[in-house]
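Structure file final.txt (compact mmCIF, C-alpha atoms) follows.
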# COMPACT_ATOMS: atom_id res chain seq x y z
CA MET D 1 -43.39 83.58 13.08
CA LEU D 2 -41.04 85.85 11.23
CA SER D 3 -38.11 83.69 12.20
CA THR D 4 -39.79 80.58 10.88
CA PHE D 5 -40.50 82.19 7.49
CA ARG D 6 -36.94 83.57 7.06
CA THR D 7 -35.25 80.21 7.46
CA PRO D 8 -37.05 78.44 4.62
CA LEU D 9 -36.51 81.49 2.39
CA ALA D 10 -32.78 81.44 3.01
CA ALA D 11 -32.64 77.75 2.33
CA GLY D 12 -34.53 78.22 -0.94
CA ALA D 13 -32.15 80.95 -2.06
CA VAL D 14 -29.18 78.77 -1.33
CA ALA D 15 -30.74 75.93 -3.31
CA VAL D 16 -31.40 78.13 -6.35
CA ILE D 17 -27.86 79.51 -6.37
CA GLY D 18 -26.42 76.02 -6.00
CA ALA D 19 -28.50 74.67 -8.90
CA ALA D 20 -27.45 77.57 -11.11
CA ALA D 21 -23.82 76.88 -10.30
CA VAL D 22 -24.23 73.23 -11.16
CA ILE D 23 -25.95 74.09 -14.45
CA THR D 24 -23.43 76.72 -15.57
CA ALA D 25 -20.27 75.01 -14.41
CA PRO D 26 -19.95 72.54 -17.36
CA LEU D 27 -20.40 75.35 -19.89
CA ASP D 28 -17.71 77.44 -18.33
CA THR D 29 -15.27 74.48 -18.17
CA ALA D 30 -15.84 73.56 -21.86
CA ALA D 31 -15.17 77.11 -22.99
CA ARG D 32 -11.93 77.29 -21.04
CA LEU D 33 -10.82 73.89 -22.35
CA ARG D 34 -11.57 74.89 -25.93
CA ALA D 35 -9.54 78.08 -25.48
CA ALA D 36 -6.66 76.16 -23.94
CA LEU D 37 -6.54 73.70 -26.85
CA ALA D 38 -6.78 76.56 -29.37
CA VAL D 39 -9.53 74.74 -31.25
CA PRO D 40 -11.28 77.34 -33.44
CA SER D 41 -15.03 77.71 -33.31
CA SER D 42 -17.22 77.05 -36.36
CA ALA D 43 -17.12 80.74 -37.21
CA GLN D 44 -13.33 80.77 -37.08
CA VAL D 45 -12.65 77.57 -39.10
CA ALA D 46 -11.84 79.03 -42.53
CA MET D 47 -8.71 76.76 -42.92
CA THR D 48 -6.77 79.70 -44.38
CA ALA D 49 -3.94 79.35 -41.86
CA TRP D 50 -3.90 75.57 -42.02
CA GLN D 51 -1.76 73.99 -44.73
CA ASN D 52 -3.63 72.02 -47.39
CA PRO D 53 -1.91 68.61 -47.74
CA ILE D 54 -3.20 68.19 -51.31
CA VAL D 55 -1.70 71.52 -52.37
CA ALA D 56 1.59 70.57 -50.69
CA LEU D 57 1.68 67.32 -52.67
CA LEU D 58 0.87 69.18 -55.90
CA ASP D 59 3.70 71.64 -55.23
CA SER D 60 6.11 68.73 -54.76
CA GLY D 61 4.79 67.17 -57.97
CA GLU D 62 5.42 70.41 -59.88
CA MET D 63 8.96 70.47 -58.53
CA ALA D 64 9.52 66.87 -59.64
CA GLU D 65 8.09 67.63 -63.09
CA ASN D 66 10.46 70.58 -63.56
CA TYR D 67 13.45 68.47 -62.56
CA VAL D 68 12.54 65.93 -65.24
CA PHE D 69 11.10 68.03 -68.10
CA GLY D 70 12.19 71.62 -67.35
CA GLY D 71 13.55 73.00 -70.62
CA TYR D 72 15.06 76.12 -69.06
CA TYR D 73 18.00 77.30 -66.98
CA ASN D 74 17.87 80.76 -65.43
CA GLY D 75 21.15 82.55 -64.81
CA GLY D 76 23.26 80.27 -66.98
CA ASP D 77 24.97 83.15 -68.80
CA ALA D 78 25.96 85.13 -65.71
CA PRO D 79 25.13 85.13 -61.99
CA THR D 80 21.58 86.50 -61.83
CA PRO D 81 19.80 87.47 -58.58
CA GLY D 82 17.10 84.95 -57.71
CA ALA D 83 17.97 82.57 -60.55
CA GLY D 84 19.31 79.85 -58.25
CA GLU D 85 16.17 79.73 -56.14
CA ALA D 86 14.03 79.78 -59.31
CA ASN D 87 15.89 76.80 -60.78
CA TRP D 88 16.36 74.79 -57.59
CA PRO D 89 13.63 75.76 -55.08
CA SER D 90 14.05 74.93 -51.39
CA ALA D 91 17.66 73.88 -52.00
CA GLY D 92 19.31 76.72 -50.09
CA PHE D 93 20.21 78.77 -53.18
CA ASP D 94 18.61 81.82 -51.56
CA GLN D 95 21.69 82.13 -49.33
CA ALA D 96 24.74 84.26 -50.06
CA GLY D 97 26.54 82.97 -53.13
CA GLY D 98 23.61 80.87 -54.34
CA ASP D 99 23.40 82.68 -57.67
CA VAL D 100 27.15 82.23 -58.24
CA LEU D 101 26.81 78.52 -57.45
CA ASN D 102 23.84 78.30 -59.83
CA TYR D 103 25.98 79.85 -62.59
CA LEU D 104 29.02 77.67 -61.91
CA LEU D 105 26.87 74.56 -62.25
CA THR D 106 26.73 75.36 -65.98
CA GLN D 107 30.44 76.11 -66.31
CA LYS D 108 32.48 73.54 -64.40
CA PRO D 109 32.74 69.83 -65.29
CA GLU D 110 33.20 68.95 -61.63
CA LEU D 111 29.80 70.54 -60.93
CA GLY D 112 27.98 68.74 -63.74
CA ASN D 113 28.15 71.13 -66.73
CA TYR D 114 24.39 71.70 -66.64
CA PHE D 115 22.50 72.73 -69.76
CA TYR D 116 18.90 72.51 -68.50
CA VAL D 117 17.09 72.07 -65.21
CA GLY D 118 15.16 69.15 -66.67
CA PHE D 119 16.84 65.75 -66.77
CA VAL D 120 15.34 64.86 -70.17
CA GLU D 121 16.45 68.09 -71.87
CA ASN D 122 19.90 67.74 -70.34
CA PHE D 123 20.06 64.17 -71.62
CA ALA D 124 19.19 65.38 -75.12
CA ALA D 125 21.73 68.23 -74.97
CA GLU D 126 24.72 66.03 -74.16
CA ALA D 127 23.38 62.52 -74.83
CA TYR D 128 24.14 62.26 -71.09
CA LEU D 129 27.16 60.10 -71.82
CA PRO D 130 29.97 62.52 -72.65
CA ALA D 131 32.59 59.99 -71.54
CA VAL D 132 31.19 57.38 -73.91
CA GLN D 133 31.05 59.95 -76.69
CA GLN D 134 34.70 60.85 -76.16
CA GLN D 135 35.73 57.21 -76.08
CA LEU D 136 33.93 56.61 -79.39
CA ILE D 137 35.74 59.64 -80.84
CA ASN D 138 39.05 58.25 -79.57
CA VAL D 139 38.40 54.78 -81.00
CA ALA D 140 37.43 56.29 -84.36
CA ASP D 141 40.65 58.33 -84.26
CA TYR D 142 42.71 55.23 -83.49
CA VAL D 143 41.08 53.25 -86.29
CA SER D 144 41.60 56.14 -88.71
CA VAL D 145 45.30 56.47 -87.84
CA VAL D 146 45.90 52.71 -88.07
CA LEU D 147 44.09 52.41 -91.39
CA SER D 148 45.96 55.44 -92.74
CA GLY D 149 49.26 53.94 -91.59
CA LEU D 150 48.46 50.60 -93.24
CA ASN D 151 47.33 52.36 -96.38
CA LEU D 152 50.46 54.46 -96.50
CA GLY D 153 52.63 51.37 -95.91
CA ALA D 154 50.87 49.54 -98.74
CA ARG D 155 51.38 52.52 -101.03
CA GLU D 156 55.08 52.55 -100.17
CA LEU D 157 55.39 48.88 -101.08
CA ALA D 158 53.31 49.27 -104.24
CA THR D 159 55.41 52.27 -105.30
CA GLY D 160 58.59 50.31 -104.64
CA VAL D 161 57.41 47.33 -106.67
CA TRP D 162 56.31 49.62 -109.49
CA ASP D 163 59.65 51.45 -109.55
CA LEU D 164 61.75 48.27 -109.23
CA PRO D 165 62.07 47.52 -113.02
CA SER D 166 63.29 51.06 -113.63
CA ALA D 167 65.78 50.72 -110.80
CA VAL D 168 67.02 47.39 -112.21
CA THR D 169 67.52 49.01 -115.60
CA ASP D 170 69.47 51.84 -114.01
CA ALA D 171 71.59 49.34 -112.07
CA ILE D 172 72.40 47.39 -115.25
CA GLN D 173 73.51 50.59 -116.95
CA LEU D 174 75.72 51.42 -114.00
CA VAL D 175 77.25 47.91 -114.08
CA VAL D 176 77.98 48.29 -117.79
CA GLN D 177 79.73 51.55 -116.98
CA GLY D 178 81.70 49.79 -114.26
CA GLN D 179 79.99 51.61 -111.39
CA PHE D 180 79.27 48.54 -109.29
CA ALA D 181 78.91 50.32 -105.94
CA GLU D 182 76.40 52.76 -107.38
CA ALA D 183 74.47 49.88 -108.94
CA LEU D 184 74.22 48.14 -105.58
CA THR D 185 73.05 51.41 -103.99
CA VAL D 186 70.27 51.84 -106.56
CA ILE D 187 69.09 48.24 -106.13
CA GLY D 188 69.29 48.52 -102.34
CA ASP D 189 67.33 51.75 -102.33
CA ALA D 190 64.70 50.29 -104.63
CA VAL D 191 64.16 47.25 -102.40
CA ILE D 192 64.98 48.36 -98.87
CA LEU D 193 63.64 51.92 -98.79
CA PRO D 194 60.00 51.03 -99.64
CA ILE D 195 60.00 48.23 -97.07
CA ALA D 196 61.51 50.50 -94.41
CA ALA D 197 59.07 53.29 -95.23
CA ALA D 198 56.12 50.89 -95.03
CA GLY D 199 57.30 49.53 -91.70
CA GLU D 200 57.87 53.04 -90.42
CA SER D 201 54.30 54.04 -91.27
CA VAL D 202 52.80 51.02 -89.53
CA ILE D 203 55.04 51.44 -86.45
CA ALA D 204 54.23 55.16 -86.24
CA ALA D 205 50.49 54.45 -86.31
CA ALA D 206 50.79 51.71 -83.67
CA THR D 207 52.96 53.97 -81.50
CA TYR D 208 50.42 56.78 -81.75
CA VAL D 209 47.59 54.53 -80.60
CA LEU D 210 49.65 52.96 -77.83
CA ASN D 211 50.88 56.31 -76.49
CA ASN D 212 47.38 57.79 -76.43
CA VAL D 213 45.82 54.73 -74.80
CA VAL D 214 48.46 54.66 -72.07
CA VAL D 215 48.25 58.40 -71.36
CA ARG D 216 44.44 58.46 -71.31
CA ALA D 217 44.16 55.34 -69.18
CA GLY D 218 46.52 56.95 -66.69
CA ALA D 219 44.47 60.16 -66.72
CA VAL D 220 41.26 58.22 -66.03
CA ILE D 221 42.89 56.37 -63.13
CA ALA D 222 44.17 59.67 -61.74
CA ALA D 223 40.63 61.11 -61.90
CA LEU D 224 39.03 58.22 -59.97
CA PRO D 225 39.73 59.65 -56.48
CA GLN D 226 37.96 62.89 -57.39
CA ILE D 227 34.97 60.96 -58.77
CA LEU D 228 34.74 58.73 -55.71
CA THR D 229 35.04 61.76 -53.43
CA THR D 230 32.10 63.42 -55.19
CA PHE D 231 29.88 60.36 -54.78
CA ALA D 232 30.97 59.95 -51.17
CA GLY D 233 30.12 63.59 -50.51
CA TRP D 234 26.67 63.03 -51.98
CA ALA D 235 26.01 59.90 -49.89
CA VAL D 236 27.27 61.26 -46.58
CA GLY D 237 25.89 64.76 -47.07
CA SER D 238 22.48 63.51 -48.18
CA ALA D 239 22.15 61.21 -45.19
CA SER D 240 23.15 64.03 -42.82
CA ILE D 241 20.66 66.47 -44.34
CA LEU D 242 17.78 63.97 -44.23
CA VAL D 243 18.51 63.01 -40.61
CA GLN D 244 18.67 66.64 -39.53
CA GLN D 245 15.49 67.52 -41.41
CA THR D 246 13.57 64.55 -40.01
CA ALA D 247 14.70 65.41 -36.49
CA ALA D 248 13.65 69.04 -37.00
CA ILE D 249 10.18 67.97 -38.19
CA ILE D 250 9.65 65.63 -35.24
CA THR D 251 10.94 68.22 -32.78
CA GLY D 252 8.70 70.92 -34.23
CA VAL D 253 5.57 68.76 -34.13
CA VAL D 254 6.21 67.57 -30.57
CA SER D 255 7.03 71.08 -29.37
CA SER D 256 3.83 72.51 -30.90
CA LEU D 257 1.67 69.76 -29.42
CA SER D 258 3.24 70.21 -25.99
CA ALA D 259 2.30 73.90 -26.21
CA LEU D 260 -1.25 72.82 -27.27
CA ASN D 261 -0.76 74.54 -30.66
CA VAL D 262 -2.43 72.05 -32.96
CA GLU D 263 -2.35 74.37 -35.98
CA ASP D 264 1.44 74.77 -35.93
CA ALA D 265 1.90 71.05 -35.42
CA TRP D 266 -0.33 70.33 -38.43
CA ASN D 267 1.47 72.83 -40.67
CA ILE D 268 4.92 71.55 -39.67
CA ALA D 269 3.88 67.97 -40.39
CA VAL D 270 2.27 68.80 -43.76
CA ASP D 271 5.16 70.97 -44.97
CA GLY D 272 7.78 68.56 -43.68
CA LEU D 273 6.25 65.32 -44.93
CA LEU D 274 4.51 66.45 -48.13
CA GLY D 275 5.78 69.86 -49.29
CA PRO D 276 8.69 70.87 -51.54
CA SER D 277 10.47 72.47 -48.58
CA GLY D 278 10.28 69.21 -46.63
CA VAL D 279 11.43 65.65 -47.13
CA PRO D 280 10.00 65.20 -50.69
CA GLY D 281 11.70 68.39 -51.94
CA THR D 282 14.95 67.48 -50.22
CA LEU D 283 14.93 64.03 -51.82
CA LEU D 284 14.27 65.59 -55.24
CA ASN D 285 17.10 68.10 -54.76
CA LEU D 286 19.49 65.36 -53.64
CA ILE D 287 18.60 62.90 -56.43
CA THR D 288 17.38 64.63 -59.61
CA GLY D 289 18.08 68.26 -58.71
CA ALA D 290 21.46 69.96 -58.46
CA GLY D 291 22.00 69.45 -54.74
CA GLU D 292 21.63 71.44 -51.51
CA GLN D 293 23.50 74.59 -50.52
CA THR D 294 24.08 74.33 -46.77
CA GLY D 295 25.87 77.62 -46.10
CA PRO D 296 27.01 80.92 -47.65
CA ILE D 297 29.40 80.78 -50.61
CA ILE D 298 31.74 83.76 -50.62
CA ASN D 299 34.86 82.11 -52.04
CA PRO D 300 33.71 79.37 -54.46
CA ALA D 301 37.06 77.55 -54.36
CA THR D 302 36.78 76.82 -50.63
CA ASP D 303 33.10 77.33 -49.81
CA ILE D 304 31.56 75.07 -52.46
CA PRO D 305 33.26 71.90 -51.11
CA ALA D 306 32.31 72.92 -47.57
CA ASN D 307 28.78 74.28 -48.08
CA PHE D 308 27.37 72.39 -51.06
CA VAL D 309 26.12 68.80 -51.11
CA PRO D 310 25.92 67.63 -54.74
CA SER D 311 23.02 65.50 -55.87
CA PHE D 312 23.34 62.05 -57.38
CA ARG D 313 22.62 63.61 -60.79
CA THR D 314 25.36 66.22 -60.31
CA SER D 315 27.79 63.53 -59.16
CA LEU D 316 26.98 61.39 -62.20
CA GLN D 317 27.30 64.26 -64.66
CA ALA D 318 30.53 65.41 -63.01
CA ALA D 319 31.94 61.89 -63.28
CA GLN D 320 31.06 61.76 -66.97
CA TRP D 321 32.68 65.12 -67.71
CA THR D 322 35.73 64.31 -65.59
CA VAL D 323 36.28 61.03 -67.44
CA ARG D 324 35.72 62.80 -70.74
CA GLY D 325 38.42 65.34 -69.86
CA ALA D 326 40.77 62.49 -68.96
CA LEU D 327 40.03 60.78 -72.28
CA GLN D 328 41.02 63.98 -74.07
CA ALA D 329 44.53 63.93 -72.59
CA GLU D 330 47.29 64.03 -75.18
CA PRO D 331 50.83 62.58 -74.93
CA ALA D 332 53.60 65.08 -74.33
CA THR D 333 55.00 64.32 -77.80
CA GLU D 334 52.73 62.66 -80.34
CA VAL D 335 54.25 60.29 -82.89
CA LEU D 336 52.32 60.71 -86.12
CA PRO D 337 52.85 58.85 -89.39
CA ARG D 338 55.27 60.59 -91.78
CA GLN D 339 55.63 63.68 -89.57
CA GLU D 340 59.41 63.89 -89.87
CA ALA D 341 59.50 65.18 -93.47
CA PRO D 342 61.84 68.16 -94.13
CA ALA D 343 60.13 71.50 -93.62
CA ALA D 344 61.44 72.89 -96.92
CA ALA D 345 59.98 70.00 -98.88
CA VAL D 346 56.62 70.42 -97.12
CA VAL D 347 56.50 74.12 -97.95
CA SER D 348 57.32 73.40 -101.58
CA GLU D 349 54.23 71.23 -101.83
CA ILE D 350 51.84 74.10 -100.95
CA PRO D 351 50.21 75.42 -104.14
CA ALA D 352 50.90 79.00 -105.12
CA GLY D 353 48.54 81.52 -103.57
CA GLU D 354 47.83 79.34 -100.54
CA SER D 355 49.29 79.56 -97.09
CA GLU D 356 49.15 77.38 -94.06
CA SER D 357 46.61 78.56 -91.49
CA PRO D 358 47.50 78.73 -87.78
CA ALA D 359 47.04 75.55 -85.81
CA PRO D 360 43.30 75.12 -85.04
CA VAL D 361 44.06 73.85 -81.54
CA GLU D 362 45.84 77.06 -80.57
CA ALA D 363 43.00 79.18 -81.92
CA ALA D 364 40.44 77.21 -79.99
CA ASP D 365 42.49 77.42 -76.80
CA THR D 366 42.77 81.19 -77.20
CA ALA D 367 39.03 81.47 -77.68
CA GLY D 368 38.42 79.43 -74.57
CA THR D 369 40.78 81.57 -72.49
CA ALA D 370 39.32 84.83 -73.75
CA SER D 371 35.78 83.82 -72.92
CA GLY D 372 36.16 84.98 -69.35
CA SER D 373 34.77 81.73 -68.03
CA PRO D 374 35.79 80.65 -64.53
CA ASP D 375 36.84 77.38 -66.13
CA ALA D 376 39.05 78.97 -68.76
CA GLY D 377 41.25 75.90 -68.98
CA ALA D 378 38.35 73.69 -70.12
CA PRO D 379 36.68 74.98 -73.33
CA ALA D 380 32.94 74.58 -73.79
CA PRO D 381 31.81 71.19 -75.18
CA ALA D 382 31.18 72.59 -78.67
CA ILE D 383 34.63 74.22 -78.78
CA ARG D 384 36.29 71.04 -77.54
CA GLU D 385 34.54 69.02 -80.26
CA GLY D 386 35.55 71.52 -82.95
CA THR D 387 39.11 71.50 -81.66
CA ARG D 388 39.25 67.72 -81.79
CA ARG D 389 37.92 67.53 -85.34
CA ALA D 390 40.31 70.30 -86.45
CA ALA D 391 43.22 68.45 -84.88
CA VAL D 392 42.30 65.25 -86.70
CA ALA D 393 41.96 67.12 -90.00
CA ASP D 394 45.25 68.90 -89.39
CA ARG D 395 46.98 65.59 -88.69
CA ALA D 396 45.63 64.09 -91.93
CA ASP D 397 46.73 67.19 -93.87
CA ARG D 398 50.22 67.08 -92.40
CA SER D 399 50.48 63.36 -93.14
CA GLY D 400 49.45 63.90 -96.76
CA ARG D 401 51.92 66.73 -97.27
CA ALA D 402 54.70 64.73 -95.65
CA ASP D 403 53.91 61.78 -97.93
CA ARG D 404 54.13 63.97 -101.00
CA ALA D 405 57.39 65.49 -99.79
CA ASP D 406 58.85 62.05 -99.11
CA ARG D 407 57.99 60.87 -102.61
CA SER D 408 59.61 64.02 -104.04
CA ALA D 409 62.79 63.41 -102.06
CA ARG D 410 62.91 59.75 -103.12
CA SER D 411 62.44 60.73 -106.76
CA ALA D 412 65.30 63.21 -106.45
CA ARG D 413 67.59 60.51 -105.03
CA SER D 414 66.66 58.20 -107.92
CA ASP D 415 67.44 60.94 -110.44
CA ARG D 416 70.85 61.51 -108.85
CA GLY D 417 71.55 57.76 -109.05
CA ARG D 418 70.67 57.61 -112.73
CA SER D 419 72.84 60.61 -113.46
Spell out the structure here as C-alpha cells.
Amino acid sequence: MLSTFRTPLAAGAVAVIGAAAVITAPLDTAARLRAALAVPSSAQVAMTAWQNPIVALLDSGEMAENYVFGGYYNGGDAPTPGAGEANWPSAGFDQAGGDVLNYLLTQKPELGNYFYVGFVENFAAEAYLPAVQQQLINVADYVSVVLSGLNLGARELATGVWDLPSAVTDAIQLVVQGQFAEALTVIGDAVILPIAAAGESVIAAATYVLNNVVVRAGAVIAALPQILTTFAGWAVGSASILVQQTAAIITGVVSSLSALNVEDAWNIAVDGLLGPSGVPGTLLNLITGAGEQTGPIINPATDIPANFVPSFRTSLQAAQWTVRGALQAEPATEVLPRQEAPAAAVVSEIPAGESESPAPVEAADTAGTASGSPDAGAPAPAIREGTRRAAVADRADRSGRADRADRSARSARSDRGRS
C-alpha cells in the first residue's frame, strides 16, 4: 500500500519540476540573449551615450557656416595655443606644430595668405583675385608709361617747331658773319634734335613695356610647376585621406557589430557619416577650409610639405598669390623715358629748401625685412601696394625732372650757338 502511494507521488513531483523548467526556460534564455546583445532595458535607455544624428548634422552645418561667413582668424598675429583647432576644427591642427601652421597660413603666399576663416570675408579682404588685381595694375602702368612717352615725344616736336624760326634767324646771322659750319649746326640741332628726342621717348616707353612683359611672363611660366604641384598635392592627398577615413569607419562599424556592441557601431557610423570629425568635416576642410594636418610639424620647411594636405581653397589662393608675385617681377635694368639726364642738371632743378627723399622701394623693403615675418622677402599686401604706387610716382617725378634738365641743356647749347 505504501509502495503504491509513493510511486504516484514521485511521478507528480517530477511532473511539477518539469513544467516549471519548461515555463522558466524561455525567460532565462531571453535575459541572457538581451545581455549578450547589450540591448539596454527601458530603464537604461536614456540615449545619453548614443550619438544624436541631428546634433551631428547641426555641428557639421555650423562648421560649414564658419568656413563661409566666419569673420575671424585666431592666432593670425603670432602662433597661439589652441588657435589652429579653433579656426579649423577636426583638421589635425591639435597636433604638434598646428598653431605654427595656423599662423603661417596668414603669412606665406604659398599657403594662401589667409585673412579670415570665412570665404566671403576673405573674398572681400583681397577681392579674391590678387593676380587679376596685379595684372590690372601692370596694364595701367604700361598705359601710363606709353602715354607719357608719347606726350613727351609730342612736346619735343612741338618745342622744336616753336624754336625753329629763332634757330633759322640765328643761322642767317651766322651765314652773314661767314660762319657757315656753325649755321649748319644750329639748323641741324633745331631740326634733328627734337625728332631724335621724340623718338627716344617713344622707344624708351616701348622698351619699358616690352622688358616688363617678357620678364613677368617668364616669371609666371616659372611659377607654374609650383602651382600645379600644389593642386596635385590637394587632389592626391584628399583622395588618400577620404579613402583611409571611409575604410576606418567601415572597419569600426563591422568590428563593433562583430563584438555585439551596437552602441559603439551606432556612434562610429553617426560621427563618421554625419559629424564634423567624419566625412562631412573632412570634405569641408579639404574644399573650403585650410586643409588637413596629417602629422607633427617641427620644422615647417620640411614638415609642411610632408604632413599638410592643402585644401582646394588654399591651393587656389596660393596660385593667385604666386602669380601675383610673378607679375611683380622687375627687369634687372629698367629703361625709363628720359632717365639718362646728367645728375648735376637734375639736382639744379630741385627748388631751394627741398631735398630728394630716399627711394620709397628701399624703405618699404626695409620695413618688410624688419617685421620679423617668416616671409620677410615678400612684404604684406598693403606694403607691396604702397611700394608699387611709390615706385610709379617716383618714376614720374624722375621723368619730369629729367625733362626739365634736358630742356635746360638744350637751351644752353642754343645760347652757345647764338654767341
Rounded to one decimal, what separation in Å do you get between atom CA of D:Asn261 and atom CA of D:Pro280?
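Atom CA of D:Asn261 sits 24.6 Å away from atom CA of D:Pro280.
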Nearest candidate to D:Val120 (options D:Phe69, D:Trp234, D:Phe180, D:Phe308; using only C-alpha atoms)
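When distances to D:Val120 are compared using only C-alpha atoms, the smallest one comes from D:Phe69.
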Which value, in Å to one decimal, gives the distance between atom CA of D:Gly75 and atom CA of D:Ser311?
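Result for atom CA of D:Gly75 versus atom CA of D:Ser311: 19.3 Å, one decimal.
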Which centre and which edge lengths, in Å to one decimal, describe the axis-aligned box that holds all listed atoms of stretch 225-236 of chain D after 3 Å is added on each side, as AutoDock Vina command-line options?
--center_x 32.9 --center_y 61.2 --center_z -52.7 --size_x 19.7 --size_y 10.9 --size_z 18.2
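Taking atom CA of D:Pro79 and atom CA of D:Glu110 as the two end points, the separation is 18.1 Å.
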Non-local contacts of D:Gly71 (6 Å; all atoms listed in the file; under 6 positions in same chain excluded) as JSON, numbers by chain
{"D": [116, 118, 121]}
D:Gln328: which residues within 8 Å, counting all atoms listed in the file, same-chain residues fewer than 2 positions away excluded, as a PyMOL selection string?
chain D and resi 134+216+324-326+330
Reconstructed stretch 195-218 of chain D, atom set N, CA and C atoms, as a compact mmCIF listing (two decimals), in the frame of the given file:
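Generated file (rebuild37.txt):
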# COMPACT_ATOMS: atom_id res chain seq x y z
N ILE D 195 60.35 49.09 -98.21
CA ILE D 195 60.00 48.23 -97.07
C ILE D 195 60.18 48.99 -95.75
N ALA D 196 61.28 49.73 -95.64
CA ALA D 196 61.51 50.50 -94.41
C ALA D 196 60.45 51.58 -94.22
N ALA D 197 60.09 52.25 -95.33
CA ALA D 197 59.07 53.29 -95.23
C ALA D 197 57.72 52.71 -94.82
N ALA D 198 57.38 51.53 -95.39
CA ALA D 198 56.12 50.89 -95.03
C ALA D 198 56.12 50.49 -93.55
N GLY D 199 57.21 49.90 -93.11
CA GLY D 199 57.30 49.53 -91.70
C GLY D 199 57.25 50.74 -90.79
N GLU D 200 57.88 51.81 -91.21
CA GLU D 200 57.87 53.04 -90.42
C GLU D 200 56.45 53.59 -90.26
N SER D 201 55.67 53.55 -91.34
CA SER D 201 54.30 54.04 -91.27
C SER D 201 53.46 53.22 -90.32
N VAL D 202 53.58 51.90 -90.40
CA VAL D 202 52.80 51.02 -89.53
C VAL D 202 53.22 51.21 -88.07
N ILE D 203 54.54 51.27 -87.83
CA ILE D 203 55.04 51.44 -86.45
C ILE D 203 54.60 52.79 -85.88
N ALA D 204 54.64 53.84 -86.71
CA ALA D 204 54.23 55.16 -86.24
C ALA D 204 52.75 55.16 -85.84
N ALA D 205 51.91 54.51 -86.65
CA ALA D 205 50.49 54.45 -86.31
C ALA D 205 50.27 53.67 -85.02
N ALA D 206 50.94 52.52 -84.89
CA ALA D 206 50.79 51.71 -83.67
C ALA D 206 51.31 52.47 -82.45
N THR D 207 52.41 53.20 -82.61
CA THR D 207 52.96 53.97 -81.50
C THR D 207 52.01 55.08 -81.07
N TYR D 208 51.39 55.73 -82.06
CA TYR D 208 50.42 56.78 -81.75
C TYR D 208 49.27 56.24 -80.92
N VAL D 209 48.71 55.12 -81.34
CA VAL D 209 47.59 54.53 -80.60
C VAL D 209 48.03 54.12 -79.21
N LEU D 210 49.17 53.44 -79.12
CA LEU D 210 49.65 52.96 -77.83
C LEU D 210 49.92 54.12 -76.87
N ASN D 211 50.59 55.17 -77.35
CA ASN D 211 50.88 56.31 -76.49
C ASN D 211 49.61 56.95 -75.97
N ASN D 212 48.62 57.14 -76.85
CA ASN D 212 47.38 57.79 -76.43
C ASN D 212 46.60 56.92 -75.45
N VAL D 213 46.55 55.62 -75.71
CA VAL D 213 45.82 54.73 -74.80
C VAL D 213 46.45 54.74 -73.42
N VAL D 214 47.77 54.67 -73.36
CA VAL D 214 48.46 54.66 -72.07
C VAL D 214 48.23 55.97 -71.32
N VAL D 215 48.41 57.10 -72.01
CA VAL D 215 48.25 58.40 -71.36
C VAL D 215 46.82 58.59 -70.87
N ARG D 216 45.84 58.24 -71.69
CA ARG D 216 44.44 58.46 -71.31
C ARG D 216 43.99 57.50 -70.22
N ALA D 217 44.48 56.27 -70.26
CA ALA D 217 44.16 55.34 -69.18
C ALA D 217 44.73 55.85 -67.86
N GLY D 218 45.94 56.38 -67.90
CA GLY D 218 46.52 56.95 -66.69
C GLY D 218 45.75 58.16 -66.19
